[in-house]
>>> print(open('protein16.cif').read())   # mmCIF, N, CA and C atoms
data_protein
#
loop_
_atom_site.label_atom_id
_atom_site.label_comp_id
_atom_site.auth_asym_id
_atom_site.auth_seq_id
_atom_site.Cartn_x
_atom_site.Cartn_y
_atom_site.Cartn_z
N LEU A 1 89.89 174.85 78.93
CA LEU A 1 90.45 175.64 80.02
C LEU A 1 90.48 174.81 81.30
N PRO A 2 91.54 174.97 82.07
CA PRO A 2 91.55 174.32 83.38
C PRO A 2 90.43 174.89 84.25
N THR A 3 90.02 174.12 85.24
CA THR A 3 88.89 174.48 86.08
C THR A 3 89.06 175.84 86.74
N GLU A 4 90.25 176.14 87.24
CA GLU A 4 90.47 177.44 87.91
C GLU A 4 90.32 178.60 86.94
N GLU A 5 90.85 178.43 85.74
CA GLU A 5 90.72 179.49 84.73
C GLU A 5 89.26 179.66 84.32
N MET A 6 88.56 178.55 84.20
CA MET A 6 87.15 178.61 83.83
C MET A 6 86.34 179.32 84.91
N ALA A 7 86.61 179.00 86.16
CA ALA A 7 85.91 179.65 87.27
C ALA A 7 86.21 181.15 87.29
N ALA A 8 87.45 181.52 87.04
CA ALA A 8 87.83 182.93 87.00
C ALA A 8 87.13 183.65 85.84
N ALA A 9 87.04 182.98 84.70
CA ALA A 9 86.37 183.58 83.53
C ALA A 9 84.89 183.77 83.81
N ILE A 10 84.28 182.79 84.44
CA ILE A 10 82.85 182.90 84.78
C ILE A 10 82.63 184.04 85.76
N LYS A 11 83.49 184.13 86.77
CA LYS A 11 83.37 185.19 87.77
C LYS A 11 83.53 186.56 87.10
N SER A 12 84.50 186.68 86.23
CA SER A 12 84.75 187.94 85.53
C SER A 12 83.53 188.32 84.67
N ASN A 13 82.98 187.33 83.98
CA ASN A 13 81.81 187.57 83.14
C ASN A 13 80.63 188.04 83.99
N ARG A 14 80.42 187.40 85.13
CA ARG A 14 79.32 187.79 86.02
C ARG A 14 79.51 189.22 86.52
N LEU A 15 80.73 189.57 86.88
CA LEU A 15 81.01 190.93 87.37
C LEU A 15 80.78 191.97 86.27
N GLU A 16 81.19 191.66 85.06
CA GLU A 16 80.97 192.57 83.94
C GLU A 16 79.48 192.76 83.68
N THR A 17 78.72 191.67 83.75
CA THR A 17 77.28 191.74 83.54
C THR A 17 76.62 192.57 84.64
N LEU A 18 77.03 192.33 85.87
CA LEU A 18 76.49 193.09 87.00
C LEU A 18 76.81 194.58 86.86
N ASP A 19 78.05 194.90 86.49
CA ASP A 19 78.44 196.29 86.28
C ASP A 19 77.58 196.95 85.20
N LYS A 20 77.33 196.21 84.13
CA LYS A 20 76.53 196.74 83.04
C LYS A 20 75.10 197.01 83.50
N LEU A 21 74.52 196.07 84.25
CA LEU A 21 73.16 196.25 84.75
C LEU A 21 73.06 197.45 85.69
N ILE A 22 74.04 197.60 86.56
CA ILE A 22 74.06 198.74 87.48
C ILE A 22 74.17 200.04 86.70
N GLU A 23 75.07 200.07 85.73
CA GLU A 23 75.26 201.28 84.93
C GLU A 23 73.97 201.64 84.18
N GLU A 24 73.30 200.63 83.61
CA GLU A 24 72.06 200.89 82.90
C GLU A 24 70.99 201.45 83.84
N ARG A 25 70.88 200.85 85.02
CA ARG A 25 69.89 201.32 85.98
C ARG A 25 70.18 202.76 86.40
N LEU A 26 71.45 203.09 86.59
CA LEU A 26 71.82 204.45 86.97
C LEU A 26 71.51 205.45 85.86
N VAL A 27 71.75 205.05 84.63
CA VAL A 27 71.46 205.92 83.48
C VAL A 27 69.96 206.22 83.43
N VAL A 28 69.14 205.20 83.57
CA VAL A 28 67.68 205.38 83.53
C VAL A 28 67.22 206.23 84.71
N GLN A 29 67.79 205.97 85.88
CA GLN A 29 67.44 206.74 87.07
C GLN A 29 67.77 208.22 86.87
N GLU A 30 68.95 208.51 86.36
CA GLU A 30 69.33 209.91 86.12
C GLU A 30 68.43 210.56 85.07
N PHE A 31 68.11 209.81 84.04
CA PHE A 31 67.22 210.30 82.99
C PHE A 31 65.91 210.79 83.60
N HIS A 32 65.33 209.97 84.48
CA HIS A 32 64.05 210.33 85.11
C HIS A 32 64.21 211.43 86.15
N GLN A 33 65.32 211.43 86.87
CA GLN A 33 65.56 212.47 87.87
C GLN A 33 65.65 213.84 87.22
N ARG A 34 66.19 213.89 86.04
CA ARG A 34 66.31 215.16 85.30
C ARG A 34 65.00 215.53 84.61
N LYS A 35 63.99 214.69 84.82
CA LYS A 35 62.65 214.92 84.27
C LYS A 35 62.64 214.92 82.74
N TYR A 36 63.56 214.17 82.15
CA TYR A 36 63.55 213.99 80.70
C TYR A 36 62.38 213.07 80.36
N VAL A 37 61.91 213.20 79.15
CA VAL A 37 60.82 212.35 78.69
C VAL A 37 61.21 211.78 77.33
N PHE A 38 61.07 210.49 77.20
CA PHE A 38 61.34 209.86 75.91
C PHE A 38 60.03 209.88 75.14
N PRO A 39 60.04 210.38 73.91
CA PRO A 39 58.79 210.52 73.15
C PRO A 39 58.06 209.18 73.01
N PRO A 40 56.80 209.13 73.44
CA PRO A 40 56.03 207.88 73.34
C PRO A 40 55.95 207.35 71.91
N GLN A 41 55.96 208.26 70.93
CA GLN A 41 55.89 207.83 69.54
C GLN A 41 57.11 206.98 69.17
N ILE A 42 58.27 207.35 69.70
CA ILE A 42 59.49 206.60 69.40
C ILE A 42 59.41 205.21 70.02
N VAL A 43 58.89 205.15 71.25
CA VAL A 43 58.72 203.85 71.92
C VAL A 43 57.77 202.99 71.08
N GLN A 44 56.67 203.58 70.62
CA GLN A 44 55.70 202.82 69.84
C GLN A 44 56.30 202.36 68.51
N ILE A 45 57.10 203.20 67.89
CA ILE A 45 57.76 202.80 66.63
C ILE A 45 58.63 201.57 66.87
N ARG A 46 59.37 201.58 67.98
CA ARG A 46 60.24 200.43 68.29
C ARG A 46 59.41 199.18 68.56
N ILE A 47 58.30 199.33 69.30
CA ILE A 47 57.43 198.18 69.55
C ILE A 47 56.88 197.64 68.24
N ASP A 48 56.46 198.54 67.36
CA ASP A 48 55.96 198.12 66.05
C ASP A 48 57.02 197.35 65.27
N GLU A 49 58.29 197.80 65.35
CA GLU A 49 59.39 197.09 64.67
C GLU A 49 59.56 195.69 65.24
N ILE A 50 59.49 195.58 66.56
CA ILE A 50 59.65 194.27 67.21
C ILE A 50 58.50 193.35 66.80
N VAL A 51 57.29 193.88 66.80
CA VAL A 51 56.12 193.08 66.40
C VAL A 51 56.29 192.61 64.96
N ARG A 52 56.70 193.52 64.09
CA ARG A 52 56.88 193.18 62.68
C ARG A 52 57.99 192.13 62.49
N ASP A 53 59.13 192.35 63.15
CA ASP A 53 60.29 191.50 62.92
C ASP A 53 60.24 190.16 63.66
N SER A 54 59.62 190.13 64.83
CA SER A 54 59.66 188.92 65.66
C SER A 54 58.32 188.19 65.77
N PHE A 55 57.23 188.86 65.40
CA PHE A 55 55.91 188.25 65.58
C PHE A 55 55.07 188.36 64.30
N GLN A 56 55.72 188.45 63.16
CA GLN A 56 55.07 188.52 61.86
C GLN A 56 53.95 189.55 61.83
N GLY A 57 54.17 190.66 62.55
CA GLY A 57 53.21 191.75 62.53
C GLY A 57 51.97 191.52 63.38
N ASP A 58 51.98 190.46 64.18
CA ASP A 58 50.81 190.11 64.98
C ASP A 58 51.00 190.55 66.44
N LEU A 59 50.40 191.69 66.78
CA LEU A 59 50.50 192.21 68.14
C LEU A 59 49.93 191.23 69.16
N ASN A 60 48.85 190.54 68.78
CA ASN A 60 48.26 189.56 69.70
C ASN A 60 49.22 188.43 70.03
N GLU A 61 50.07 188.08 69.09
CA GLU A 61 51.08 187.03 69.36
C GLU A 61 52.09 187.53 70.39
N LEU A 62 52.52 188.77 70.27
CA LEU A 62 53.40 189.36 71.29
C LEU A 62 52.72 189.34 72.65
N ILE A 63 51.47 189.75 72.70
CA ILE A 63 50.74 189.79 73.97
C ILE A 63 50.62 188.39 74.57
N ARG A 64 50.35 187.39 73.74
CA ARG A 64 50.28 186.00 74.23
C ARG A 64 51.63 185.57 74.82
N GLU A 65 52.70 185.91 74.12
CA GLU A 65 54.04 185.55 74.59
C GLU A 65 54.35 186.24 75.92
N LEU A 66 54.00 187.50 76.02
CA LEU A 66 54.21 188.24 77.27
C LEU A 66 53.41 187.60 78.40
N ASN A 67 52.15 187.28 78.13
CA ASN A 67 51.30 186.68 79.15
C ASN A 67 51.83 185.34 79.62
N LYS A 68 52.41 184.56 78.71
CA LYS A 68 53.02 183.28 79.09
C LYS A 68 54.10 183.48 80.14
N ASN A 69 54.76 184.63 80.07
CA ASN A 69 55.85 184.94 80.99
C ASN A 69 55.41 185.85 82.14
N GLY A 70 54.10 185.99 82.32
CA GLY A 70 53.57 186.78 83.42
C GLY A 70 53.79 188.27 83.27
N ARG A 71 53.88 188.73 82.02
CA ARG A 71 54.12 190.15 81.76
C ARG A 71 52.96 190.73 80.97
N THR A 72 52.87 192.05 80.99
CA THR A 72 51.84 192.75 80.24
C THR A 72 52.48 193.58 79.14
N LEU A 73 51.64 194.10 78.26
CA LEU A 73 52.13 194.99 77.22
C LEU A 73 52.70 196.26 77.85
N GLY A 74 52.10 196.71 78.95
CA GLY A 74 52.63 197.87 79.67
C GLY A 74 54.02 197.62 80.21
N ASP A 75 54.25 196.42 80.76
CA ASP A 75 55.60 196.05 81.23
C ASP A 75 56.59 196.10 80.07
N PHE A 76 56.16 195.54 78.93
CA PHE A 76 57.03 195.50 77.76
C PHE A 76 57.34 196.90 77.26
N ARG A 77 56.33 197.76 77.26
CA ARG A 77 56.52 199.15 76.82
C ARG A 77 57.58 199.83 77.69
N LYS A 78 57.51 199.62 79.02
CA LYS A 78 58.50 200.21 79.94
C LYS A 78 59.90 199.66 79.66
N GLU A 79 59.97 198.36 79.38
CA GLU A 79 61.27 197.75 79.07
C GLU A 79 61.86 198.33 77.79
N VAL A 80 61.02 198.48 76.77
CA VAL A 80 61.47 199.06 75.50
C VAL A 80 61.95 200.49 75.74
N GLU A 81 61.19 201.25 76.52
CA GLU A 81 61.59 202.62 76.81
C GLU A 81 62.94 202.65 77.53
N ARG A 82 63.12 201.78 78.54
CA ARG A 82 64.41 201.72 79.26
C ARG A 82 65.55 201.41 78.30
N ASN A 83 65.33 200.46 77.43
CA ASN A 83 66.37 200.11 76.46
C ASN A 83 66.71 201.27 75.54
N LEU A 84 65.69 201.98 75.10
CA LEU A 84 65.93 203.14 74.23
C LEU A 84 66.67 204.25 74.97
N ILE A 85 66.33 204.46 76.23
CA ILE A 85 67.04 205.47 77.04
C ILE A 85 68.50 205.12 77.14
N VAL A 86 68.79 203.86 77.48
CA VAL A 86 70.19 203.44 77.64
C VAL A 86 70.93 203.55 76.32
N GLN A 87 70.30 203.16 75.23
CA GLN A 87 70.95 203.23 73.92
C GLN A 87 71.22 204.66 73.49
N SER A 88 70.36 205.59 73.93
CA SER A 88 70.49 206.97 73.45
C SER A 88 71.53 207.77 74.23
N LEU A 89 71.92 207.28 75.39
CA LEU A 89 72.89 208.05 76.20
C LEU A 89 74.27 207.47 76.14
#
>>> encode(input="protein16.cif", output="structure tokens")
Amino acid sequence: LPTEEMAAAIKSNRLETLDKLIEERLVVQEFHQRKYVFPPQIVQIRIDEIVRDSFQGDLNELIRELNKNGRTLGDFRKEVERNLIVQSL
């Protein structure tokens, strides 16, 4: 692609990504404003799937990976919940 077309494609991609992030944040915000609750059991099932599929069933390995990135299991749980909220709506 010529440089101008490439720059336009990159800009378009960034705008689409930004729009998606904004939309996801609004969905989660509305979910909480309406006082909906996502069942903790469902969040835990998803975490268990991630541990099984990506960390050979070793929760401690997930925790080590999170800690390397300055995150906690609680942070990860919130992220998983946000993802499930967005996927469900």
>>> closest_residue(input="protein16.cif", among="A:Leu73, A:Val43, A:Val27, A:Leu18", to="A:Val86", atoms="all atoms listed in the file")
A:Val27
>>> select_by_dssp(input="protein16.cif", residues="stretch 36-89 of chain A", states="alpha helix (DSSP H)", output="PyMOL selection string")
chain A and resi 40-54+59-68+73-88
>>> atom_distance(input="protein16.cif", atom1="atom C of A:Lys20", atom2="atom C of A:Ile85")
12.2 Å
>>> atom_distance(input="protein16.cif", atom1="atom N of A:Arg77", atom2="atom CA of A:Phe38")
13.2 Å
>>> closest_residue(input="protein16.cif", among="A:Val80, A:Val28, A:Ala8, A:Leu89", to="A:Ile42", atoms="all atoms listed in the file")
A:Val80
>>> resolve_selection(input="protein16.cif", expression="the PyMOL selection byres (((chain A and resi 63 and name CA) around 12) and name CA)", output="PDB file with N, CA and C atoms, in the frame of the given file")
ATOM      1  N   ILE A  47      58.300 199.330  69.300  1.00  0.00           N
ATOM      2  CA  ILE A  47      57.430 198.180  69.550  1.00  0.00           C
ATOM      3  C   ILE A  47      56.880 197.640  68.240  1.00  0.00           C
ATOM      4  N   VAL A  51      57.290 193.880  66.800  1.00  0.00           N
ATOM      5  CA  VAL A  51      56.120 193.080  66.400  1.00  0.00           C
ATOM      6  C   VAL A  51      56.290 192.610  64.960  1.00  0.00           C
ATOM      7  N   PHE A  55      57.230 188.860  65.400  1.00  0.00           N
ATOM      8  CA  PHE A  55      55.910 188.250  65.580  1.00  0.00           C
ATOM      9  C   PHE A  55      55.070 188.360  64.300  1.00  0.00           C
ATOM     10  N   GLY A  57      54.170 190.660  62.550  1.00  0.00           N
ATOM     11  CA  GLY A  57      53.210 191.750  62.530  1.00  0.00           C
ATOM     12  C   GLY A  57      51.970 191.520  63.380  1.00  0.00           C
ATOM     13  N   ASP A  58      51.980 190.460  64.180  1.00  0.00           N
ATOM     14  CA  ASP A  58      50.810 190.110  64.980  1.00  0.00           C
ATOM     15  C   ASP A  58      51.000 190.550  66.440  1.00  0.00           C
ATOM     16  N   LEU A  59      50.400 191.690  66.780  1.00  0.00           N
ATOM     17  CA  LEU A  59      50.500 192.210  68.140  1.00  0.00           C
ATOM     18  C   LEU A  59      49.930 191.230  69.160  1.00  0.00           C
ATOM     19  N   ASN A  60      48.850 190.540  68.780  1.00  0.00           N
ATOM     20  CA  ASN A  60      48.260 189.560  69.700  1.00  0.00           C
ATOM     21  C   ASN A  60      49.220 188.430  70.030  1.00  0.00           C
ATOM     22  N   GLU A  61      50.070 188.080  69.090  1.00  0.00           N
ATOM     23  CA  GLU A  61      51.080 187.030  69.360  1.00  0.00           C
ATOM     24  C   GLU A  61      52.090 187.530  70.390  1.00  0.00           C
ATOM     25  N   LEU A  62      52.520 188.770  70.270  1.00  0.00           N
ATOM     26  CA  LEU A  62      53.400 189.360  71.290  1.00  0.00           C
ATOM     27  C   LEU A  62      52.720 189.340  72.650  1.00  0.00           C
ATOM     28  N   ARG A  64      50.350 187.390  73.740  1.00  0.00           N
ATOM     29  CA  ARG A  64      50.280 186.000  74.230  1.00  0.00           C
ATOM     30  C   ARG A  64      51.630 185.570  74.820  1.00  0.00           C
ATOM     31  N   GLU A  65      52.700 185.910  74.120  1.00  0.00           N
ATOM     32  CA  GLU A  65      54.040 185.550  74.590  1.00  0.00           C
ATOM     33  C   GLU A  65      54.350 186.240  75.920  1.00  0.00           C
ATOM     34  N   LEU A  66      54.000 187.500  76.020  1.00  0.00           N
ATOM     35  CA  LEU A  66      54.210 188.240  77.270  1.00  0.00           C
ATOM     36  C   LEU A  66      53.410 187.600  78.400  1.00  0.00           C
ATOM     37  N   ASN A  67      52.150 187.280  78.130  1.00  0.00           N
ATOM     38  CA  ASN A  67      51.300 186.680  79.150  1.00  0.00           C
ATOM     39  C   ASN A  67      51.830 185.340  79.620  1.00  0.00           C
ATOM     40  N   LYS A  68      52.410 184.560  78.710  1.00  0.00           N
ATOM     41  CA  LYS A  68      53.020 183.280  79.090  1.00  0.00           C
ATOM     42  C   LYS A  68      54.100 183.480  80.140  1.00  0.00           C
ATOM     43  N   ASN A  69      54.760 184.630  80.070  1.00  0.00           N
ATOM     44  CA  ASN A  69      55.850 184.940  80.990  1.00  0.00           C
ATOM     45  C   ASN A  69      55.410 185.850  82.140  1.00  0.00           C
ATOM     46  N   GLY A  70      54.100 185.990  82.320  1.00  0.00           N
ATOM     47  CA  GLY A  70      53.570 186.780  83.420  1.00  0.00           C
ATOM     48  C   GLY A  70      53.790 188.270  83.270  1.00  0.00           C
ATOM     49  N   ARG A  71      53.880 188.730  82.020  1.00  0.00           N
ATOM     50  CA  ARG A  71      54.120 190.150  81.760  1.00  0.00           C
ATOM     51  C   ARG A  71      52.960 190.730  80.970  1.00  0.00           C
ATOM     52  N   THR A  72      52.870 192.050  80.990  1.00  0.00           N
ATOM     53  CA  THR A  72      51.840 192.750  80.240  1.00  0.00           C
ATOM     54  C   THR A  72      52.480 193.580  79.140  1.00  0.00           C
ATOM     55  N   LEU A  73      51.640 194.100  78.260  1.00  0.00           N
ATOM     56  CA  LEU A  73      52.130 194.990  77.220  1.00  0.00           C
ATOM     57  C   LEU A  73      52.700 196.260  77.850  1.00  0.00           C
ATOM     58  N   GLY A  74      52.100 196.710  78.950  1.00  0.00           N
ATOM     59  CA  GLY A  74      52.630 197.870  79.670  1.00  0.00           C
ATOM     60  C   GLY A  74      54.020 197.620  80.210  1.00  0.00           C
ATOM     61  N   ASP A  75      54.250 196.420  80.760  1.00  0.00           N
ATOM     62  CA  ASP A  75      55.600 196.050  81.230  1.00  0.00           C
ATOM     63  C   ASP A  75      56.590 196.100  80.070  1.00  0.00           C
ATOM     64  N   PHE A  76      56.160 195.540  78.930  1.00  0.00           N
ATOM     65  CA  PHE A  76      57.030 195.500  77.760  1.00  0.00           C
ATOM     66  C   PHE A  76      57.340 196.900  77.260  1.00  0.00           C
ATOM     67  N   ARG A  77      56.330 197.760  77.260  1.00  0.00           N
ATOM     68  CA  ARG A  77      56.520 199.150  76.820  1.00  0.00           C
ATOM     69  C   ARG A  77      57.580 199.830  77.690  1.00  0.00           C
TER      70      ARG A  77
END
>>> atom_distance(input="protein16.cif", atom1="atom CA of A:Val37", atom2="atom N of A:Arg82")
10.8 Å
>>> decode(input="protein16.cif", residues="stretch 26-47 of chain A", atoms="N, CA and C atoms", output="compact mmCIF listing (two decimals), in the first residue's frame")
# COMPACT_ATOMS: atom_id res chain seq x y z
N LEU A 26 -19.38 1.62 27.92
CA LEU A 26 -20.75 2.08 28.12
C LEU A 26 -21.68 0.92 28.46
N VAL A 27 -21.48 -0.21 27.83
CA VAL A 27 -22.30 -1.40 28.11
C VAL A 27 -22.11 -1.81 29.57
N VAL A 28 -20.87 -1.88 30.02
CA VAL A 28 -20.59 -2.28 31.40
C VAL A 28 -21.15 -1.25 32.38
N GLN A 29 -20.99 0.02 32.04
CA GLN A 29 -21.51 1.09 32.90
C GLN A 29 -23.03 0.98 33.04
N GLU A 30 -23.73 0.77 31.93
CA GLU A 30 -25.19 0.63 31.98
C GLU A 30 -25.59 -0.60 32.77
N PHE A 31 -24.87 -1.69 32.58
CA PHE A 31 -25.13 -2.93 33.31
C PHE A 31 -25.13 -2.65 34.82
N HIS A 32 -24.10 -1.94 35.28
CA HIS A 32 -23.98 -1.65 36.71
C HIS A 32 -25.00 -0.60 37.17
N GLN A 33 -25.28 0.37 36.32
CA GLN A 33 -26.27 1.39 36.69
C GLN A 33 -27.65 0.78 36.90
N ARG A 34 -27.95 -0.23 36.14
CA ARG A 34 -29.25 -0.91 36.28
C ARG A 34 -29.24 -1.91 37.43
N LYS A 35 -28.11 -1.95 38.13
CA LYS A 35 -27.94 -2.82 39.30
C LYS A 35 -28.06 -4.31 38.96
N TYR A 36 -27.69 -4.65 37.73
CA TYR A 36 -27.63 -6.05 37.35
C TYR A 36 -26.42 -6.67 38.03
N VAL A 37 -26.49 -7.96 38.23
CA VAL A 37 -25.37 -8.68 38.84
C VAL A 37 -25.07 -9.89 37.97
N PHE A 38 -23.81 -10.05 37.65
CA PHE A 38 -23.40 -11.23 36.90
C PHE A 38 -23.07 -12.30 37.92
N PRO A 39 -23.64 -13.49 37.79
CA PRO A 39 -23.44 -14.53 38.80
C PRO A 39 -21.95 -14.85 38.99
N PRO A 40 -21.47 -14.74 40.24
CA PRO A 40 -20.06 -15.03 40.51
C PRO A 40 -19.63 -16.43 40.08
N GLN A 41 -20.58 -17.38 40.13
CA GLN A 41 -20.27 -18.75 39.73
C GLN A 41 -19.88 -18.81 38.25
N ILE A 42 -20.55 -18.00 37.43
CA ILE A 42 -20.25 -17.99 36.00
C ILE A 42 -18.87 -17.40 35.76
N VAL A 43 -18.54 -16.35 36.50
CA VAL A 43 -17.21 -15.74 36.39
C VAL A 43 -16.16 -16.78 36.79
N GLN A 44 -16.41 -17.50 37.88
CA GLN A 44 -15.45 -18.50 38.33
C GLN A 44 -15.31 -19.63 37.33
N ILE A 45 -16.40 -20.04 36.72
CA ILE A 45 -16.33 -21.10 35.69
C ILE A 45 -15.43 -20.64 34.55
N ARG A 46 -15.59 -19.39 34.13
CA ARG A 46 -14.75 -18.87 33.03
C ARG A 46 -13.28 -18.81 33.44
N ILE A 47 -13.01 -18.37 34.68
CA ILE A 47 -11.63 -18.34 35.17
C ILE A 47 -11.05 -19.75 35.19
